[in-house]
$ cat query.cif   # mmCIF, C-alpha atoms
data_entry
#
loop_
_atom_site.label_atom_id
_atom_site.label_comp_id
_atom_site.auth_asym_id
_atom_site.auth_seq_id
_atom_site.Cartn_x
_atom_site.Cartn_y
_atom_site.Cartn_z
CA MET A 1 97.32 53.89 112.80
CA PRO A 2 97.63 57.57 113.77
CA GLN A 3 94.62 59.82 113.33
CA ILE A 4 96.70 62.65 111.85
CA SER A 5 99.80 62.73 109.65
CA ILE A 6 101.67 66.03 109.92
CA ILE A 7 104.03 66.65 107.00
CA VAL A 8 107.04 68.98 107.27
CA PRO A 9 109.45 69.49 104.33
CA VAL A 10 112.90 70.40 105.64
CA TYR A 11 115.51 72.37 103.72
CA LYS A 12 118.14 74.78 105.05
CA VAL A 13 116.25 75.66 108.24
CA GLU A 14 118.85 74.63 110.81
CA GLN A 15 118.15 77.77 112.84
CA TYR A 16 114.38 77.21 113.04
CA LEU A 17 113.77 73.46 112.86
CA ASP A 18 113.79 72.80 116.61
CA ARG A 19 111.20 75.53 117.22
CA CYS A 20 108.91 74.02 114.58
CA VAL A 21 109.26 70.43 115.77
CA ASN A 22 108.82 71.37 119.43
CA SER A 23 105.58 73.20 118.64
CA ILE A 24 104.24 70.05 116.96
CA LEU A 25 105.35 67.60 119.63
CA ASN A 26 103.78 69.81 122.31
CA GLN A 27 100.32 69.47 120.77
CA THR A 28 97.46 68.72 123.15
CA PHE A 29 96.23 66.25 120.52
CA THR A 30 98.76 63.44 120.65
CA ASP A 31 97.50 60.78 118.21
CA PHE A 32 99.62 61.81 115.24
CA GLU A 33 102.70 60.94 113.26
CA LEU A 34 105.17 63.62 112.26
CA ILE A 35 106.86 63.04 108.91
CA LEU A 36 110.03 65.10 108.49
CA VAL A 37 111.21 65.11 104.88
CA ASP A 38 114.87 66.03 104.54
CA ASP A 39 114.89 67.47 101.01
CA GLY A 40 118.61 67.03 100.50
CA SER A 41 119.39 69.86 102.92
CA PRO A 42 123.11 70.77 102.87
CA ASP A 43 123.27 71.90 106.51
CA ARG A 44 122.75 69.99 109.77
CA CYS A 45 119.05 69.44 109.13
CA PRO A 46 119.41 65.77 108.08
CA GLN A 47 121.16 64.92 111.35
CA MET A 48 118.72 67.02 113.35
CA CYS A 49 115.79 65.12 111.84
CA ASP A 50 117.35 61.79 112.77
CA GLU A 51 118.08 63.01 116.28
CA TRP A 52 114.46 64.04 116.72
CA ALA A 53 113.26 60.62 115.50
CA LYS A 54 115.34 58.96 118.23
CA LYS A 55 113.64 61.11 120.88
CA ASP A 56 110.01 60.53 119.87
CA ALA A 57 108.52 57.41 118.31
CA ARG A 58 105.86 59.47 116.53
CA ILE A 59 108.50 60.95 114.22
CA ARG A 60 109.38 59.38 110.89
CA VAL A 61 112.16 60.74 108.67
CA ILE A 62 112.45 60.56 104.90
CA HIS A 63 115.77 61.50 103.30
CA LYS A 64 115.68 62.35 99.61
CA GLU A 65 117.54 64.30 96.96
CA ASN A 66 116.61 67.96 96.69
CA GLY A 67 113.48 68.41 94.62
CA GLY A 68 111.62 71.28 96.24
CA ALA A 69 108.76 71.45 98.71
CA GLY A 70 106.24 69.89 96.32
CA ALA A 71 108.35 66.78 95.77
CA ALA A 72 109.05 66.51 99.51
CA ARG A 73 105.34 66.67 100.35
CA ASN A 74 104.55 64.08 97.69
CA ALA A 75 107.09 61.68 99.21
CA ALA A 76 105.46 62.16 102.61
CA LEU A 77 101.92 61.73 101.26
CA ARG A 78 102.90 58.36 99.82
CA ALA A 79 104.16 57.27 103.24
CA ALA A 80 101.46 58.90 105.42
CA GLU A 81 99.17 56.61 107.41
CA GLY A 82 96.83 59.11 109.06
CA GLU A 83 93.11 59.57 108.39
CA TYR A 84 93.72 63.32 108.34
CA ILE A 85 96.60 65.29 106.82
CA GLY A 86 98.21 68.53 108.01
CA PHE A 87 101.13 70.51 106.63
CA VAL A 88 103.56 72.74 108.51
CA ASP A 89 106.48 74.68 107.04
CA SER A 90 109.73 74.05 108.86
CA ASP A 91 110.50 77.66 109.78
CA ASP A 92 106.99 78.26 111.18
CA TRP A 93 105.36 77.19 114.44
CA ILE A 94 101.88 76.39 115.72
CA MET A 95 99.86 76.87 118.88
CA PRO A 96 99.66 73.85 121.25
CA ASP A 97 95.94 73.30 120.59
CA MET A 98 95.95 73.74 116.82
CA TYR A 99 95.32 70.13 115.82
CA GLU A 100 93.00 69.39 118.73
CA TYR A 101 90.91 72.37 117.63
CA LEU A 102 90.86 71.52 113.90
CA TYR A 103 90.19 67.83 114.61
CA GLY A 104 87.33 68.87 116.88
CA LEU A 105 85.82 70.99 114.09
CA LEU A 106 85.90 68.06 111.68
CA LYS A 107 84.20 65.86 114.27
CA ARG A 108 81.61 68.54 115.04
CA TYR A 109 80.84 69.00 111.33
CA PRO A 110 81.20 65.51 109.80
CA GLU A 111 79.86 66.74 106.45
CA VAL A 112 82.93 68.92 105.79
CA GLN A 113 86.26 67.76 104.38
CA ILE A 114 88.59 70.62 105.39
CA ALA A 115 88.98 72.54 108.66
CA GLN A 116 90.86 75.82 108.57
CA CYS A 117 92.14 78.18 111.26
CA ASP A 118 93.58 81.67 110.91
CA ALA A 119 97.29 82.37 110.57
CA ILE A 120 99.37 85.47 111.05
CA GLN A 121 102.61 86.51 109.41
CA THR A 122 105.28 87.57 111.85
CA SER A 123 108.97 88.30 112.20
CA ASP A 124 108.70 88.28 116.00
CA GLU A 125 109.64 84.90 117.45
CA LYS A 126 107.67 85.73 120.61
CA GLN A 127 104.49 86.63 118.73
CA GLU A 128 101.30 85.78 120.65
CA ALA A 129 97.92 84.95 119.18
CA PRO A 130 95.51 87.91 119.34
CA ALA A 131 92.43 87.55 121.51
CA ARG A 132 89.23 87.79 119.47
CA PRO A 133 85.67 86.44 119.64
CA GLU A 134 85.48 83.09 117.90
CA ASN A 135 83.83 83.16 114.48
CA ILE A 136 83.17 79.83 112.75
CA GLN A 137 81.80 79.70 109.21
CA LEU A 138 80.63 76.77 107.08
CA TRP A 139 81.36 77.21 103.39
CA ASN A 140 79.98 75.27 100.44
CA GLN A 141 82.13 74.81 97.36
CA LYS A 142 80.91 78.02 95.73
CA GLN A 143 81.92 80.00 98.80
CA MET A 144 85.26 78.20 98.90
CA MET A 145 85.94 79.13 95.28
CA GLU A 146 84.96 82.76 95.89
CA TYR A 147 87.39 82.76 98.83
CA PHE A 148 90.16 81.24 96.70
CA PHE A 149 89.65 83.73 93.86
CA ARG A 150 89.39 86.61 96.38
CA ILE A 151 86.31 88.10 94.75
CA HIS A 152 85.28 89.89 97.96
CA GLY A 153 88.67 91.50 98.47
CA GLU A 154 90.12 88.79 100.70
CA LYS A 155 93.85 88.73 101.47
CA SER A 156 96.02 86.13 99.74
CA ASN A 157 94.76 82.74 100.86
CA TYR A 158 96.81 80.09 99.12
CA SER A 159 98.07 78.61 102.37
CA ILE A 160 97.94 74.85 102.80
CA TRP A 161 99.51 74.83 106.25
CA ASN A 162 96.62 76.22 108.36
CA LYS A 163 94.33 73.32 107.46
CA LEU A 164 93.46 69.79 108.48
CA ILE A 165 92.21 67.72 105.56
CA ARG A 166 90.34 64.44 105.42
CA ARG A 167 92.49 61.85 103.66
CA GLY A 168 89.87 61.17 100.98
CA VAL A 169 90.32 64.66 99.55
CA LEU A 170 93.94 63.78 98.78
CA ASP A 171 93.33 60.42 97.08
CA ASP A 172 95.31 60.44 93.80
CA PHE A 173 96.42 64.00 94.52
CA SER A 174 99.99 65.17 94.09
CA PHE A 175 101.68 68.54 94.42
CA VAL A 176 103.10 70.20 91.32
CA GLU A 177 106.84 69.67 91.52
CA GLY A 178 109.63 72.02 90.54
CA THR A 179 107.73 75.28 91.01
CA ILE A 180 107.77 77.98 93.66
CA SER A 181 103.99 78.35 93.34
CA GLU A 182 102.92 74.82 94.29
CA ASP A 183 100.76 76.14 97.16
CA VAL A 184 98.51 78.07 94.73
CA ALA A 185 97.91 75.01 92.59
CA ALA A 186 97.40 72.80 95.66
CA SER A 187 94.88 75.17 97.25
CA PHE A 188 92.85 75.21 94.04
CA ASP A 189 92.84 71.41 93.94
CA PHE A 190 91.86 71.14 97.61
CA PHE A 191 88.88 73.44 97.14
CA THR A 192 87.67 71.72 93.96
CA ARG A 193 88.01 68.27 95.52
CA ALA A 194 86.18 69.16 98.74
CA GLN A 195 82.46 69.88 98.96
CA GLN A 196 82.49 71.88 102.18
CA MET A 197 84.95 73.56 104.54
CA VAL A 198 84.71 74.90 108.08
CA SER A 199 86.74 78.04 108.71
CA SER A 200 87.58 79.63 112.05
CA ASN A 201 89.17 83.01 112.75
CA LYS A 202 91.11 81.57 115.68
CA VAL A 203 94.84 82.23 115.18
CA LEU A 204 96.72 78.96 115.63
CA TYR A 205 99.50 79.18 113.02
CA PHE A 206 102.49 81.54 112.86
CA TYR A 207 104.02 82.11 109.43
CA PHE A 208 107.57 83.32 110.05
CA VAL A 209 109.20 85.93 107.82
CA ASN A 210 112.88 86.47 108.49
CA GLN A 211 113.31 90.21 107.96
CA ASN A 212 117.08 89.78 107.85
CA GLY A 213 116.71 87.65 104.75
CA VAL A 214 114.13 89.81 102.99
CA THR A 215 115.62 91.38 99.88
CA LYS A 216 114.11 92.95 96.80
CA SER A 217 115.64 90.52 94.36
CA PRO A 218 115.20 91.23 90.64
CA VAL A 219 112.65 89.26 88.66
CA THR A 220 113.99 86.08 87.07
CA LYS A 221 112.51 83.40 84.84
CA LYS A 222 111.54 81.47 87.98
CA ASP A 223 109.10 84.24 89.00
CA LEU A 224 107.13 83.54 85.82
CA GLU A 225 106.05 80.21 87.30
CA TYR A 226 103.43 82.14 89.28
CA ILE A 227 101.78 83.16 86.01
CA HIS A 228 102.05 79.65 84.55
CA VAL A 229 100.22 78.19 87.57
CA TRP A 230 97.33 80.61 87.04
CA GLU A 231 97.28 79.77 83.33
CA ARG A 232 96.80 76.10 84.19
CA ILE A 233 94.05 76.97 86.67
CA ALA A 234 92.26 79.09 84.04
CA GLU A 235 92.37 76.15 81.62
CA LYS A 236 90.70 73.66 83.95
CA VAL A 237 88.43 75.82 86.12
CA PRO A 238 84.68 74.98 86.04
CA GLN A 239 82.85 77.23 83.57
CA GLU A 240 80.97 79.17 86.25
CA TYR A 241 84.29 80.44 87.63
CA THR A 242 85.97 81.28 84.31
CA GLU A 243 85.65 85.03 84.82
CA TYR A 244 87.18 84.77 88.30
CA ALA A 245 90.08 82.73 86.94
CA GLU A 246 90.75 85.18 84.13
CA ILE A 247 90.85 88.21 86.41
CA ASN A 248 93.19 86.37 88.79
CA LEU A 249 95.42 85.48 85.83
CA ALA A 250 95.52 89.19 84.98
CA ARG A 251 96.38 89.90 88.62
CA ALA A 252 99.23 87.38 88.43
CA ASN A 253 100.61 89.17 85.37
CA PHE A 254 100.22 92.47 87.18
CA THR A 255 102.01 91.10 90.26
CA ILE A 256 105.11 90.15 88.28
CA LEU A 257 105.04 93.42 86.32
CA SER A 258 104.90 95.30 89.61
CA LYS A 259 107.90 93.38 90.89
CA MET A 260 109.76 94.25 87.68
CA LEU A 261 108.93 97.91 88.25
CA LEU A 262 109.90 97.93 91.92
CA SER A 263 112.77 95.42 92.03
CA GLY A 264 114.07 95.44 88.47
CA TYR A 265 115.04 92.68 86.04
CA ASP A 266 117.80 91.88 83.56
CA LYS A 267 117.02 94.24 80.69
CA ASN A 268 119.45 92.36 78.47
CA ASN A 269 117.48 89.13 78.85
CA ALA A 270 115.46 88.76 75.63
CA LYS A 271 113.16 86.14 77.19
CA LEU A 272 112.20 88.43 80.08
CA ILE A 273 111.70 91.38 77.72
CA GLU A 274 109.30 89.35 75.58
CA GLU A 275 107.46 88.01 78.63
CA LYS A 276 107.09 91.56 79.92
CA ARG A 277 105.40 92.58 76.65
CA LYS A 278 102.97 89.65 76.99
CA MET A 279 102.19 90.54 80.59
CA LYS A 280 101.48 94.16 79.71
CA ARG A 281 99.06 93.07 76.97
CA GLN A 282 97.24 90.84 79.46
CA VAL A 283 96.94 93.62 82.04
CA LYS A 284 95.77 96.15 79.45
CA ARG A 285 93.01 93.77 78.29
CA LYS A 286 91.69 93.53 81.86
CA PHE A 287 92.59 97.10 82.88
CA TRP A 288 89.11 98.29 83.84
CA LYS A 289 88.16 95.04 85.52
CA LEU A 290 91.33 95.25 87.58
CA MET A 291 90.60 98.86 88.48
CA ASN A 292 87.08 97.89 89.59
CA TRP A 293 88.28 94.81 91.50
CA LYS A 294 88.34 94.90 95.29
CA MET A 295 91.95 95.65 96.13
CA PRO A 296 93.82 98.47 97.91
CA PHE A 297 94.08 101.87 96.23
CA THR A 298 97.89 101.61 96.18
CA ARG A 299 97.60 98.44 94.10
CA LYS A 300 95.32 100.21 91.63
CA VAL A 301 97.91 102.97 91.28
CA LEU A 302 100.45 100.26 90.42
CA VAL A 303 98.06 98.82 87.82
CA LEU A 304 98.06 102.20 86.12
CA LEU A 305 101.84 102.59 86.36
CA VAL A 306 102.74 99.18 84.93
CA THR A 307 100.52 99.79 81.89
CA ILE A 308 101.90 103.23 80.99
CA LEU A 309 105.59 102.93 81.91
CA LYS A 310 108.08 101.22 79.63
#

$ encode --input "query.cif" --output "structure tokens"
Amino acid sequence: MPQISIIVPVYKVEQYLDRCVNSILNQTFTDFELILVDDGSPDRCPQMCDEWAKKDARIRVIHKENGGAGAARNAALRAAEGEYIGFVDSDDWIMPDMYEYLYGLLKRYPEVQIAQCDAIQTSDEKQEAPARPENIQLWNQKQMMEYFFRIHGEKSNYSIWNKLIRRGVLDDFSFVEGTISEDVAASFDFFTRAQQMVSSNKVLYFYFVNQNGVTKSPVTKKDLEYIHVWERIAEKVPQEYTEYAEINLARANFTILSKMLLSGYDKNNAKLIEEKRKMKRQVKRKFWKLMNWKMPFTRKVLVLLVTILK
């Protein structure tokens, strides 16, 4: 039985899949299985996954109909045999010592359930990890929730892929399927299921953003899923974090309103027009709390604009 199961959903990443898989197979920690989930990809990815499995016995391939990243990860979780679970996105890559380092943290601190490293967003395929003094922090659940809700002005931290998680945390867990915001919901569940986490500032994960494919697409109904995820979180959050959940729900409404302002939307779509009215009401209710929240000044200017402009 492998110590670690590494789960990679694969969909339309023919150009980047080899880089991702190579970075995993070159890990200094070798006692793992790599589960590649072909999520009904229409390109060469299904064949590439099978070719990789022939080269390395640690690789297992699951082929399934397209259902999104959440459904792909759920299929892999059901098949995973490792005592620890890691997730990597198929257009990203990791440093050679990532899993050795995270596994070592979990062994050094047996009382914690999640080990986390730092990640950087990059469009440079030759990006190197910055040199910095190591800083390791142990967080209890209250500190984990404060981190998740960003109450101290933290950057967005809904990543699931820079972590190594003890299998027990994921017992009876499943990703929300059919949404583009499954990582937000999953991060919340991870932090509420775990009692402690160890976090390191060591950069071991590279989150790739293809600048050639970045476009300011108009808001569609699918973007509203981000708000719906936060609504579900606000409904089930422990009482002591209700205020945090409500302000983050207001921020989610503000985020989509900002995208409408900057990228546009179909102004003939009655559903979007009505949803915009609802979002503006939510933001106005929390206007002063948003203005006093720890976020960049430019974001606060946007808060003002989305509440006064039609």

$ closest_residue --input "query.cif" --among "A:Lys222, A:Lys12, A:Arg19, A:Arg108" --to "A:Ala69" --atoms "all atoms listed in the file"
A:Lys12

$ resolve_selection --input "query.cif" --expression "the PyMOL selection byres ((chain A and resi 79-86) around 6)" --output "PyMOL selection string"
chain A and resi 2-6+76-78+87+164-167

$ closest_residue --input "query.cif" --among "A:Lys202, A:Val176, A:Tyr241, A:Trp93" --to "A:Cys20" --atoms "only C-alpha atoms"
A:Trp93

$ resolve_selection --input "query.cif" --expression "the PyMOL selection byres ((chain A and resi 245-254) around 8)" --output "list of chain:residue names"
A:Phe149, A:Tyr226, A:Ile227, A:Trp230, A:Glu231, A:Ile233, A:Ala234, A:Val237, A:Tyr241, A:Thr242, A:Glu243, A:Tyr244, A:Thr255, A:Ile256, A:Leu257, A:Ser258, A:Met279, A:Lys280, A:Gln282, A:Val283, A:Lys286, A:Lys289, A:Leu290, A:Val303, A:Val306

$ resolve_selection --input "query.cif" --expression "the PyMOL selection byres ((chain A and resi 189) around 12)" --output "ChimeraX atom specification"
/A:141,144-145,148,158,160,169-176,182-188,190-195,229,232-233,236-238

$ residues_around --input "query.cif" --residues "A:Asn135" --least-positions-apart "6" --cutoff "9 Å" --atoms "all atoms listed in the file" --output "NGL selection string"
:A and (199-202)

$ write_last_selection --input "query.cif" --atoms "C-alpha atoms" --output "PDB file, keeping the file's coordinate frame"
ATOM      1  CA  SER A 199      86.740  78.040 108.710  1.00  0.00           C
ATOM      2  CA  SER A 200      87.580  79.630 112.050  1.00  0.00           C
ATOM      3  CA  ASN A 201      89.170  83.010 112.750  1.00  0.00           C
ATOM      4  CA  LYS A 202      91.110  81.570 115.680  1.00  0.00           C
TER       5      LYS A 202
END

$ closest_residue --input "query.cif" --among "A:Glu128, A:Arg58, A:Val198, A:Asn26" --to "A:Gly104" --atoms "only C-alpha atoms"
A:Val198

$ closest_residue --input "query.cif" --among "A:Glu275, A:Lys267, A:Asp92, A:Pro296" --to "A:Thr122" --atoms "only C-alpha atoms"
A:Asp92

$ axis_aligned_box --input "query.cif" --around "stretch 8-25 of chain A" --padding-each-side "5 Å" --output "AutoDock Vina command-line options"
--center_x 111.5 --center_y 72.7 --center_z 111.7 --size_x 24.6 --size_y 20.2 --size_z 25.9

$ residues_near_point --input "query.cif" --point "(104.4, 64.9, 95.0)" --cutoff "7 Å" --atoms "all atoms listed in the file" --output "PDB file with C-alpha atoms, in the coordinates of the input"
ATOM      1  CA  GLY A  70     106.240  69.890  96.320  1.00  0.00           C
ATOM      2  CA  ALA A  71     108.350  66.780  95.770  1.00  0.00           C
ATOM      3  CA  ALA A  72     109.050  66.510  99.510  1.00  0.00           C
ATOM      4  CA  ARG A  73     105.340  66.670 100.350  1.00  0.00           C
ATOM      5  CA  ASN A  74     104.550  64.080  97.690  1.00  0.00           C
ATOM      6  CA  ALA A  75     107.090  61.680  99.210  1.00  0.00           C
ATOM      7  CA  SER A 174      99.990  65.170  94.090  1.00  0.00           C
ATOM      8  CA  PHE A 175     101.680  68.540  94.420  1.00  0.00           C
ATOM      9  CA  VAL A 176     103.100  70.200  91.320  1.00  0.00           C
ATOM     10  CA  GLU A 177     106.840  69.670  91.520  1.00  0.00           C
TER      11      GLU A 177
END

$ atom_distance --input "query.cif" --atom1 "atom CA of A:Asp43" --atom2 "atom CA of A:Asn22"
19.4 Å

$ atom_distance --input "query.cif" --atom1 "atom CA of A:Arg150" --atom2 "atom CA of A:Asn292"
13.4 Å

$ atom_distance --input "query.cif" --atom1 "atom CA of A:Asn140" --atom2 "atom CA of A:His228"
27.5 Å

$ residues_around --input "query.cif" --residues "A:Val112" --least-positions-apart "2" --cutoff "6 Å" --atoms "all atoms listed in the file" --output "list in words"
Tyr109, Pro110, Ile114, Gln196 and Met197 of chain A

$ residues_around --input "query.cif" --residues "stretch 35-41 of chain A" --least-positions-apart "4" --cutoff "6 Å" --atoms "all atoms listed in the file" --output "MDAnalysis selection string"
chainID A and resid 7:12 46 59:66 72

$ closest_residue --input "query.cif" --among "A:Leu106, A:Ala131, A:Val301, A:Leu204" --to "A:Asp118" --atoms "all atoms listed in the file"
A:Leu204

$ residues_around --input "query.cif" --residues "A:Val209" --least-positions-apart "4" --cutoff "12 Å" --atoms "all atoms listed in the file" --output "mmCIF file with C-alpha atoms, keeping the file's coordinate frame"
data_model
loop_
_atom_site.group_PDB
_atom_site.id
_atom_site.type_symbol
_atom_site.label_atom_id
_atom_site.label_comp_id
_atom_site.auth_asym_id
_atom_site.auth_seq_id
_atom_site.Cartn_x
_atom_site.Cartn_y
_atom_site.Cartn_z
ATOM 1 C CA TYR A 16 114.380 77.210 113.040
ATOM 2 C CA ASP A 89 106.480 74.680 107.040
ATOM 3 C CA SER A 90 109.730 74.050 108.860
ATOM 4 C CA ASP A 91 110.500 77.660 109.780
ATOM 5 C CA ASP A 92 106.990 78.260 111.180
ATOM 6 C CA TRP A 93 105.360 77.190 114.440
ATOM 7 C CA ILE A 120 99.370 85.470 111.050
ATOM 8 C CA GLN A 121 102.610 86.510 109.410
ATOM 9 C CA THR A 122 105.280 87.570 111.850
ATOM 10 C CA SER A 123 108.970 88.300 112.200
ATOM 11 C CA ASP A 124 108.700 88.280 116.000
ATOM 12 C CA GLU A 125 109.640 84.900 117.450
ATOM 13 C CA GLN A 127 104.490 86.630 118.730
ATOM 14 C CA GLY A 213 116.710 87.650 104.750
ATOM 15 C CA VAL A 214 114.130 89.810 102.990
ATOM 16 C CA THR A 215 115.620 91.380 99.880
#

$ closest_residue --input "query.cif" --among "A:Trp293, A:Trp288, A:Asp97, A:Val219" --to "A:Met260" --atoms "only C-alpha atoms"
A:Val219
